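Containing TSV, C-alpha atoms: final-v9.tsv.
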```tsv
chain	number	residue	atom	x	y	z
W	1	MET	CA	-3.70	-6.51	26.51
W	2	ASP	CA	-3.89	-7.48	30.19
W	3	ARG	CA	-3.23	-3.86	31.11
W	4	TYR	CA	-6.52	-2.83	29.50
W	5	ASP	CA	-8.51	-5.91	30.48
W	6	ARG	CA	-11.10	-4.10	32.58
W	7	GLN	CA	-12.09	-1.67	29.83
W	8	THR	CA	-11.93	-4.14	26.93
W	9	ARG	CA	-14.43	-6.25	28.87
W	10	LEU	CA	-16.93	-3.42	28.66
W	11	GLU	CA	-19.88	-4.00	26.38
W	12	GLY	CA	-19.66	-1.50	23.56
W	13	PHE	CA	-15.93	-0.92	24.04
W	14	GLY	CA	-13.86	-4.05	23.59
W	15	LYS	CA	-10.63	-4.52	21.67
W	16	GLU	CA	-11.83	-2.44	18.73
W	17	LYS	CA	-12.17	0.73	20.79
W	18	GLN	CA	-8.94	-0.02	22.61
W	19	ALA	CA	-7.18	-0.15	19.25
W	20	MET	CA	-8.62	3.28	18.45
W	21	LEU	CA	-7.10	4.67	21.64
W	22	GLN	CA	-3.73	3.13	20.85
W	23	GLN	CA	-3.74	4.66	17.38
W	24	ALA	CA	-4.80	8.12	18.60
W	25	LYS	CA	-2.65	11.19	19.08
W	26	VAL	CA	-3.81	13.61	21.77
W	27	LEU	CA	-2.30	16.99	22.64
W	28	VAL	CA	-2.67	18.16	26.25
W	29	ILE	CA	-1.98	21.85	26.77
W	30	GLY	CA	-0.82	22.35	30.34
W	31	ALA	CA	0.39	19.88	32.94
W	32	GLY	CA	-1.11	21.65	35.95
W	33	GLY	CA	-4.33	21.20	37.88
W	34	LEU	CA	-6.47	20.05	34.95
W	35	GLY	CA	-3.64	18.58	32.92
W	36	VAL	CA	-2.46	16.17	35.61
W	37	PRO	CA	-5.65	14.05	35.80
W	38	VAL	CA	-6.11	14.24	32.03
W	39	LEU	CA	-2.57	12.99	31.46
W	40	GLN	CA	-2.79	10.28	34.10
W	41	TYR	CA	-6.00	8.77	32.81
W	42	LEU	CA	-5.23	9.04	29.11
W	43	THR	CA	-1.86	7.43	29.79
W	44	ALA	CA	-3.32	4.66	31.94
W	45	MET	CA	-6.07	3.93	29.40
W	46	GLY	CA	-3.57	3.51	26.58
W	47	VAL	CA	-3.74	6.51	24.25
W	48	GLY	CA	-0.92	5.76	21.83
W	49	CYS	CA	0.73	9.16	21.55
W	50	ILE	CA	0.35	12.09	23.94
W	51	GLY	CA	1.85	15.51	23.37
W	52	ILE	CA	2.37	17.77	26.37
W	53	VAL	CA	2.83	21.54	26.15
W	54	GLU	CA	4.22	22.93	29.42
W	55	HIS	CA	6.93	25.42	30.36
W	56	ASP	CA	6.36	25.90	34.09
W	57	THR	CA	8.16	24.52	37.13
W	58	VAL	CA	6.77	22.79	40.19
W	59	SER	CA	5.85	25.04	43.12
W	60	VAL	CA	4.88	23.96	46.61
W	61	THR	CA	1.55	25.73	46.08
W	62	ASN	CA	0.81	23.32	43.21
W	63	LEU	CA	1.00	20.20	45.36
W	64	GLN	CA	-2.45	20.53	46.96
W	65	ARG	CA	-4.08	19.72	43.61
W	66	GLN	CA	-1.40	18.62	41.12
W	67	VAL	CA	-0.95	15.17	42.59
W	68	LEU	CA	1.52	13.89	40.00
W	69	TYR	CA	4.25	15.97	41.66
W	70	ARG	CA	6.01	15.58	45.00
W	71	THR	CA	7.53	17.90	47.57
W	72	ALA	CA	11.03	17.07	46.35
W	73	ASP	CA	10.09	18.22	42.82
W	74	GLN	CA	9.94	21.91	43.76
W	75	GLY	CA	11.74	23.97	41.13
W	76	ALA	CA	11.88	21.10	38.63
W	77	SER	CA	10.36	21.21	35.17
W	78	LYS	CA	6.75	20.03	35.26
W	79	LEU	CA	7.18	18.70	31.74
W	80	LYS	CA	10.12	16.48	32.59
W	81	VAL	CA	8.75	15.24	35.90
W	82	ALA	CA	5.34	14.49	34.39
W	83	ALA	CA	6.85	12.63	31.44
W	84	GLN	CA	9.01	10.47	33.70
W	85	ARG	CA	6.13	9.53	36.00
W	86	LEU	CA	3.70	8.92	33.16
W	87	GLN	CA	6.17	6.71	31.30
W	88	LEU	CA	6.48	4.59	34.43
W	89	LEU	CA	2.69	4.36	34.57
W	90	ASN	CA	2.49	3.05	31.00
W	91	PRO	CA	5.68	2.40	28.99
W	92	ASP	CA	3.62	1.66	25.88
W	93	VAL	CA	2.65	5.31	25.41
W	94	THR	CA	4.78	7.65	23.29
W	95	PHE	CA	5.21	11.15	24.70
W	96	ASN	CA	6.05	14.22	22.65
W	97	LEU	CA	7.31	17.00	24.90
W	98	TYR	CA	7.06	20.70	24.12
W	99	ASP	CA	9.05	22.71	26.64
W	100	THR	CA	7.42	25.99	25.67
W	101	TRP	CA	4.30	28.07	26.10
W	102	LEU	CA	1.79	27.79	23.29
W	103	THR	CA	2.09	30.94	21.15
W	104	THR	CA	0.85	32.30	17.86
W	105	GLU	CA	4.21	31.28	16.38
W	106	ASN	CA	4.02	27.58	17.30
W	107	ALA	CA	0.32	26.77	17.89
W	108	LEU	CA	-0.62	25.73	14.37
W	109	ASP	CA	2.49	23.62	13.84
W	110	ILE	CA	2.04	21.76	17.13
W	111	ILE	CA	-1.73	21.27	17.02
W	112	SER	CA	-1.80	20.09	13.40
W	113	ASN	CA	-0.01	16.87	14.41
W	114	TYR	CA	-2.78	15.60	16.72
W	115	ASP	CA	-6.25	14.12	16.45
W	116	VAL	CA	-7.73	15.75	19.57
W	117	VAL	CA	-6.64	18.75	21.66
W	118	VAL	CA	-7.36	18.99	25.39
W	119	ASP	CA	-7.15	22.53	26.74
W	120	CYS	CA	-5.96	22.49	30.36
W	121	SER	CA	-4.67	26.06	30.35
W	122	ASP	CA	-5.42	28.56	33.09
W	123	ASN	CA	-5.95	31.83	31.24
W	124	PHE	CA	-8.43	33.17	28.73
W	125	GLY	CA	-5.84	34.32	26.21
W	126	THR	CA	-4.54	30.79	25.72
W	127	ARG	CA	-8.10	29.42	25.49
W	128	TYR	CA	-8.86	31.73	22.58
W	129	LEU	CA	-5.55	30.88	20.92
W	130	VAL	CA	-6.21	27.13	21.30
W	131	ASN	CA	-9.76	27.51	20.01
W	132	ASP	CA	-8.74	29.48	16.95
W	133	ALA	CA	-5.86	27.13	16.15
W	134	CYS	CA	-8.18	24.12	16.44
W	135	VAL	CA	-10.71	25.76	14.13
W	136	ILE	CA	-8.05	26.53	11.53
W	137	THR	CA	-6.56	23.01	11.69
W	138	GLY	CA	-9.93	21.25	12.01
W	139	LYS	CA	-9.23	19.59	15.36
W	140	PRO	CA	-11.84	18.83	18.06
W	141	LEU	CA	-11.18	20.65	21.32
W	142	VAL	CA	-12.00	19.29	24.78
W	143	TYR	CA	-12.41	22.30	27.08
W	144	GLY	CA	-12.29	22.53	30.85
W	145	ALA	CA	-12.18	25.44	33.29
W	146	ILE	CA	-12.39	25.85	37.05
W	147	TYR	CA	-13.34	28.66	39.40
W	148	LYS	CA	-13.19	28.22	43.20
W	149	TYR	CA	-15.67	25.34	43.72
W	150	GLU	CA	-17.19	25.14	40.23
W	151	GLY	CA	-16.05	23.82	36.88
W	152	GLN	CA	-17.07	23.69	33.23
W	153	VAL	CA	-16.56	21.10	30.51
W	154	SER	CA	-17.43	21.09	26.81
W	155	VAL	CA	-16.33	19.69	23.45
W	156	PHE	CA	-15.82	22.38	20.82
W	157	ASN	CA	-15.26	22.26	17.07
W	158	TYR	CA	-16.51	18.69	16.86
W	159	GLN	CA	-18.60	17.50	13.91
W	160	GLU	CA	-19.36	21.04	12.76
W	161	GLY	CA	-20.44	21.95	16.28
W	162	ALA	CA	-20.02	25.07	18.36
W	163	THR	CA	-16.63	26.60	19.11
W	164	TYR	CA	-15.42	28.39	22.22
W	165	ARG	CA	-16.32	31.68	20.54
W	166	CYS	CA	-19.94	30.58	20.18
W	167	ILE	CA	-20.33	30.91	23.95
W	168	PHE	CA	-17.63	33.54	24.61
W	169	PRO	CA	-17.59	35.50	21.33
W	170	GLU	CA	-14.75	37.95	21.88
W	171	ARG	CA	-11.44	37.73	23.60
W	172	PRO	CA	-10.78	40.58	26.06
W	173	GLU	CA	-8.33	43.35	25.37
W	174	SER	CA	-6.99	43.59	28.92
W	175	GLY	CA	-6.62	41.58	32.15
W	176	GLU	CA	-8.98	38.63	32.30
W	177	MET	CA	-8.53	36.93	35.63
W	178	LEU	CA	-8.46	37.57	39.31
W	179	ASN	CA	-5.02	37.52	40.84
W	180	CYS	CA	-4.03	33.84	40.88
W	181	ASN	CA	-2.80	34.04	44.45
W	182	ASP	CA	-6.06	35.52	45.71
W	183	MET	CA	-8.69	33.47	43.90
W	184	GLY	CA	-8.01	30.01	45.32
W	185	VAL	CA	-9.32	26.62	44.25
W	186	LEU	CA	-10.45	23.54	46.13
W	187	GLY	CA	-7.80	20.86	45.65
W	188	VAL	CA	-10.14	18.13	44.45
W	189	LEU	CA	-11.92	20.28	41.83
W	190	PRO	CA	-9.29	20.06	39.04
W	191	GLY	CA	-9.26	16.28	39.50
W	192	ILE	CA	-13.01	16.12	38.94
W	193	ILE	CA	-13.07	18.43	35.91
W	194	GLY	CA	-9.90	16.93	34.43
W	195	SER	CA	-11.41	13.46	34.72
W	196	TYR	CA	-14.46	14.67	32.81
W	197	GLN	CA	-12.15	16.07	30.14
W	198	ALA	CA	-10.36	12.74	29.85
W	199	ASN	CA	-13.72	11.00	29.55
W	200	GLU	CA	-14.86	13.34	26.77
W	201	THR	CA	-11.55	12.78	24.98
W	202	VAL	CA	-12.03	9.01	25.03
W	203	LYS	CA	-15.59	9.43	23.73
W	204	VAL	CA	-14.43	11.59	20.83
W	205	ILE	CA	-11.66	9.14	19.90
W	206	THR	CA	-13.72	5.96	20.12
W	207	GLY	CA	-17.19	7.19	19.19
W	208	ILE	CA	-18.83	5.83	22.33
W	209	GLY	CA	-21.55	7.72	24.18
W	210	THR	CA	-22.59	11.30	23.53
W	211	PRO	CA	-19.83	13.93	23.74
W	212	LEU	CA	-20.67	17.41	25.03
W	213	ARG	CA	-21.01	18.83	21.52
W	214	ASN	CA	-23.01	22.08	21.51
W	215	GLN	CA	-23.36	21.75	25.29
W	216	LEU	CA	-21.69	23.21	28.36
W	217	LEU	CA	-21.64	21.08	31.51
W	218	THR	CA	-21.30	22.98	34.79
W	219	ILE	CA	-20.50	21.23	38.06
W	220	ASP	CA	-20.82	22.83	41.50
W	221	THR	CA	-18.94	20.67	43.99
W	222	LEU	CA	-20.26	22.53	47.04
W	223	HIS	CA	-23.90	21.75	46.34
W	224	ASN	CA	-23.51	18.66	44.12
W	225	THR	CA	-25.36	20.21	41.20
W	226	HIS	CA	-24.75	19.37	37.55
W	227	HIS	CA	-26.34	21.33	34.72
W	228	ILE	CA	-26.04	21.10	30.95
W	229	PHE	CA	-26.68	24.21	28.86
W	230	ASN	CA	-27.16	24.18	25.12
W	231	ILE	CA	-24.83	26.27	22.94
W	232	THR	CA	-26.00	27.60	19.60
W	233	PRO	CA	-23.31	26.91	16.98
W	234	LEU	CA	-22.51	29.86	14.73
W	235	ALA	CA	-21.06	28.86	11.37
W	236	ALA	CA	-19.10	32.11	11.10
W	237	ASN	CA	-16.98	31.07	14.08
W	238	ARG	CA	-15.73	28.07	12.10
W	239	GLN	CA	-14.53	30.22	9.19
W	240	LEU	CA	-11.32	31.52	10.80
W	241	MET	CA	-8.40	31.58	8.39
W	242	ALA	CA	-5.59	33.01	10.53
W	243	LEU	CA	-4.60	33.56	14.12
W	244	GLN	CA	-4.72	36.99	15.72
W	245	ALA	CA	-1.47	38.82	16.33
W	246	ASP	CA	-1.81	38.85	20.12
W	247	TYR	CA	-3.94	36.85	22.54
W	248	GLN	CA	-2.74	38.54	25.76
W	249	GLN	CA	-1.97	35.33	27.62
W	250	SER	CA	-0.92	36.77	30.99
W	251	VAL	CA	-2.19	34.53	33.76
W	252	CYS	CA	-2.24	36.74	36.81
W	253	GLU	CA	-3.37	40.16	35.71
W	254	ILE	CA	-5.91	41.77	38.00
W	255	THR	CA	-9.29	42.37	36.45
W	256	GLY	CA	-11.44	45.43	36.99
W	257	VAL	CA	-14.26	43.21	38.23
W	258	GLN	CA	-15.21	43.49	41.89
W	259	SER	CA	-17.05	40.91	43.97
W	260	LEU	CA	-20.48	41.60	45.43
W	261	SER	CA	-22.07	39.40	48.08
W	262	VAL	CA	-25.78	38.64	48.04
W	263	GLN	CA	-26.08	40.56	51.32
W	264	GLN	CA	-24.57	43.64	49.64
W	265	LEU	CA	-26.90	43.13	46.69
W	266	GLN	CA	-29.87	43.10	49.06
W	267	GLU	CA	-28.69	46.40	50.58
W	268	TRP	CA	-28.36	47.95	47.12
W	269	LEU	CA	-31.90	46.90	46.23
W	270	GLN	CA	-33.35	48.04	49.57
W	271	HIS	CA	-31.67	51.44	49.34
W	272	ASP	CA	-32.56	51.97	45.67
W	273	THR	CA	-28.90	52.16	44.67
W	274	HIS	CA	-28.61	53.17	41.03
W	275	PHE	CA	-27.25	50.11	39.20
W	276	MET	CA	-28.21	47.42	36.68
W	277	LEU	CA	-28.74	43.86	37.89
W	278	LEU	CA	-27.88	41.73	34.86
W	279	ASP	CA	-28.98	38.08	34.96
W	280	VAL	CA	-27.05	36.05	32.36
W	281	ARG	CA	-28.64	32.63	32.93
W	282	GLU	CA	-30.51	30.77	30.23
W	283	HIS	CA	-34.25	31.19	29.60
W	284	ASP	CA	-35.27	27.94	31.33
W	285	GLU	CA	-33.32	28.98	34.44
W	286	TRP	CA	-34.89	32.43	34.43
W	287	ASN	CA	-38.35	30.88	34.25
W	288	ILE	CA	-37.66	28.82	37.38
W	289	CYS	CA	-36.67	31.81	39.49
W	290	HIS	CA	-35.34	35.33	39.21
W	291	ILE	CA	-35.00	38.56	41.14
W	292	PRO	CA	-37.74	40.94	39.92
W	293	GLN	CA	-35.43	43.93	39.52
W	294	SER	CA	-33.05	42.07	37.22
W	295	VAL	CA	-32.59	42.46	33.47
W	296	HIS	CA	-32.32	39.16	31.63
W	297	ILE	CA	-29.79	38.71	28.80
W	298	PRO	CA	-28.43	35.14	28.40
W	299	MET	CA	-24.66	34.88	28.55
W	300	GLY	CA	-24.23	34.03	24.88
W	301	GLN	CA	-26.08	37.22	23.85
W	302	VAL	CA	-24.53	39.78	26.17
W	303	LEU	CA	-21.69	40.86	23.91
W	304	GLN	CA	-24.10	41.38	21.03
W	305	GLN	CA	-26.20	43.69	23.22
W	306	THR	CA	-23.58	45.83	24.93
W	307	GLY	CA	-25.21	48.90	23.42
W	308	ALA	CA	-28.16	48.31	25.74
W	309	LEU	CA	-25.95	48.38	28.82
W	310	PRO	CA	-25.23	51.59	30.75
W	311	ALA	CA	-21.67	52.81	30.25
W	312	ASN	CA	-21.24	54.67	33.54
W	313	THR	CA	-23.73	52.91	35.79
W	314	PRO	CA	-22.61	49.99	37.99
W	315	ILE	CA	-23.52	46.60	36.52
W	316	ALA	CA	-23.92	43.64	38.88
W	317	VAL	CA	-23.84	40.34	36.97
W	318	LEU	CA	-25.73	37.31	38.25
W	319	CYS	CA	-25.87	33.63	37.22
W	320	HIS	CA	-26.59	30.36	39.03
W	321	HIS	CA	-23.46	30.03	41.16
W	322	GLY	CA	-21.11	32.82	40.03
W	323	MET	CA	-18.81	31.29	37.42
W	324	ARG	CA	-20.61	32.29	34.23
W	325	SER	CA	-21.32	35.74	35.63
W	326	ARG	CA	-17.62	36.12	36.45
W	327	ALA	CA	-16.73	35.39	32.82
W	328	VAL	CA	-19.30	37.88	31.52
W	329	ALA	CA	-18.24	40.53	34.03
W	330	GLU	CA	-14.59	40.18	33.01
W	331	ARG	CA	-15.46	40.63	29.37
W	332	LEU	CA	-17.53	43.71	30.09
W	333	SER	CA	-14.66	45.13	32.12
W	334	ALA	CA	-12.28	44.45	29.24
W	335	LEU	CA	-14.63	46.29	26.89
W	336	GLY	CA	-14.44	49.44	29.01
W	337	PHE	CA	-17.33	49.10	31.45
W	338	ASN	CA	-15.55	50.38	34.53
W	339	LYS	CA	-18.03	49.55	37.29
W	340	VAL	CA	-18.69	45.83	36.96
W	341	TYR	CA	-19.45	43.49	39.85
W	342	ASN	CA	-19.77	39.72	40.01
W	343	ILE	CA	-22.37	38.43	42.47
W	344	GLU	CA	-20.60	35.67	44.36
W	345	GLY	CA	-22.58	32.47	44.74
W	346	GLY	CA	-25.21	33.61	42.24
W	347	ILE	CA	-28.93	33.23	42.61
W	348	HIS	CA	-28.40	30.00	44.52
W	349	ALA	CA	-26.69	31.97	47.29
W	350	TRP	CA	-29.49	34.54	47.14
W	351	ALA	CA	-32.11	31.83	47.70
W	352	ARG	CA	-30.18	30.28	50.58
W	353	ALA	CA	-29.24	33.49	52.39
W	354	ILE	CA	-31.86	36.09	51.43
W	355	ASP	CA	-35.05	34.60	49.99
W	356	ASP	CA	-35.79	31.15	51.38
W	357	GLN	CA	-39.11	31.11	49.50
W	358	MET	CA	-37.39	31.24	46.12
W	359	GLN	CA	-37.53	28.04	44.11
W	360	THR	CA	-34.08	26.49	43.60
W	361	TYR	CA	-32.69	24.04	41.07
```
Representation of the structure as structure tokens:
Amino acid sequence: MDRYDRQTRLEGFGKEKQAMLQQAKVLVIGAGGLGVPVLQYLTAMGVGCIGIVEHDTVSVTNLQRQVLYRTADQGASKLKVAAQRLQLLNPDVTFNLYDTWLTTENALDIISNYDVVVDCSDNFGTRYLVNDACVITGKPLVYGAIYKYEGQVSVFNYQEGATYRCIFPERPESGEMLNCNDMGVLGVLPGIIGSYQANETVKVITGIGTPLRNQLLTIDTLHNTHHIFNITPLAANRQLMALQADYQQSVCEITGVQSLSVQQLQEWLQHDTHFMLLDVREHDEWNICHIPQSVHIPMGQVLQQTGALPANTPIAVLCHHGMRSRAVAERLSALGFNKVYNIEGGIHAWARAIDDQMQTY
């Protein structure tokens, strides 16, 4: 037990919680930016059995953030390289390797063998597939996502709590993401969000602390802001009986969403451009500050109120920093709204660049 001495010394953890980790089986979907820190920490901390689903190879463009891999690994299987390095880190851990993408054909069989699932995928299609499979098999899901400088973490389907569909109700029917090569991500960000995912996983396994059940944590690394938003659990989203036929899991399709800077937004407002400014923040955020011309519909309610949105009028979507608005904008685009814009930097950027009298948070 010397390997785990520093955590078994912790008050409230001890050998009992360490034994829980050693008896646990965790499935990590993806061994990329988020998956690498999750795998490293869960391995180091002594989770007994870790499954890894990965079918990609190492690229030089991965190395700036996927620090488990080396320059010489280019072209090699991420799954094999990761397993070899992780086994060296802790030979007491058993690794189950799945050299495949997660699909509707294999998801239920793979996920049913584990106690906790950690979603480290990089596309919305897989996130919906993982969510639905976890609901059907009754497994808690530790979620993480990143966008440029910002990340999100939550724990879904835990103790009758909210699922991914409770915050993002419908999967899109077409491209969901910006082109992967154009979007970019700060190298350290996946390490931060992945570490939070590992922490939530340990909490779920051992029962320590308060997991992010019915809550979404957002982290903005540029401005050092952390916010937790409540998610309303909908019982109907836990009644799934079967997977959908197709989850459209392409990673690099180009979305119909365009970016709009706060300076461009100011010009639109000054010149009375005909458009809808849709603010998708929560009620408490709206009460702190908002742009007077905006229409307020919280993110979790937008897809239930699409009938109130103009079909042929440009819609500019606004949130705090731009990540939630990006997700909403992509879903609206997928539903057929063909003039959708995401306001980059959100209302925080507006306050910094346009209205320095606006209260910030």
Could you check how far atom CA of W:Gly194 sits from atom CA of W:Asn224, in Å to one decimal?
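Interatomic distance here is 16.8 Å.
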Calculate how many Å separate atom CA of W:Gln18 from atom CA of W:Ile205, rounding to one decimal.
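Rounded to one decimal, the two atoms are 9.9 Å apart.
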Using all atoms listed in the file, which of the listed residues (W:Glu16, W:Asp220, W:Asp355, W:Glu170) sits closest to W:Leu332?
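With all atoms listed in the file as the atom set, the closest residue is W:Glu170.
Nearest to W:Ala24 of all the residues W:Leu79, W:Arg6, W:Leu39, W:Val204 is W:Val204, counting all atoms listed in the file.
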For a cutoff of 10 Å around the file-coordinate point (-5.9, 2.6, 21.2), which residues qualify once you count all atoms listed in the file? I'd like the result as a count of residues only.
21
Which residue gives the smallest distance to W:Gln87 among W:Ala242, W:Met358, W:Ala44, W:Val117, with all atoms listed in the file counted?
W:Ala44
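Coordinates place atom CA of W:Ser121 at a distance of 17.4 Å from atom CA of W:Asn157.
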Would you pick out the contacts of W:Ala107 at 9 Å or less, using all atoms listed in the file, so that residues sharing its chain but fewer than 4 positions from it are not included, and give the list as a PyMOL selection string?
chain W and resi 102-103+111-112+129-130+133
Near W:Asn230, counting all atoms listed in the file, which residues have an atom at most 8 Å away, once you skip same-chain residues fewer than 5 positions from it, shown as JSON, numbers by chain?
{"W": [214, 215, 216]}
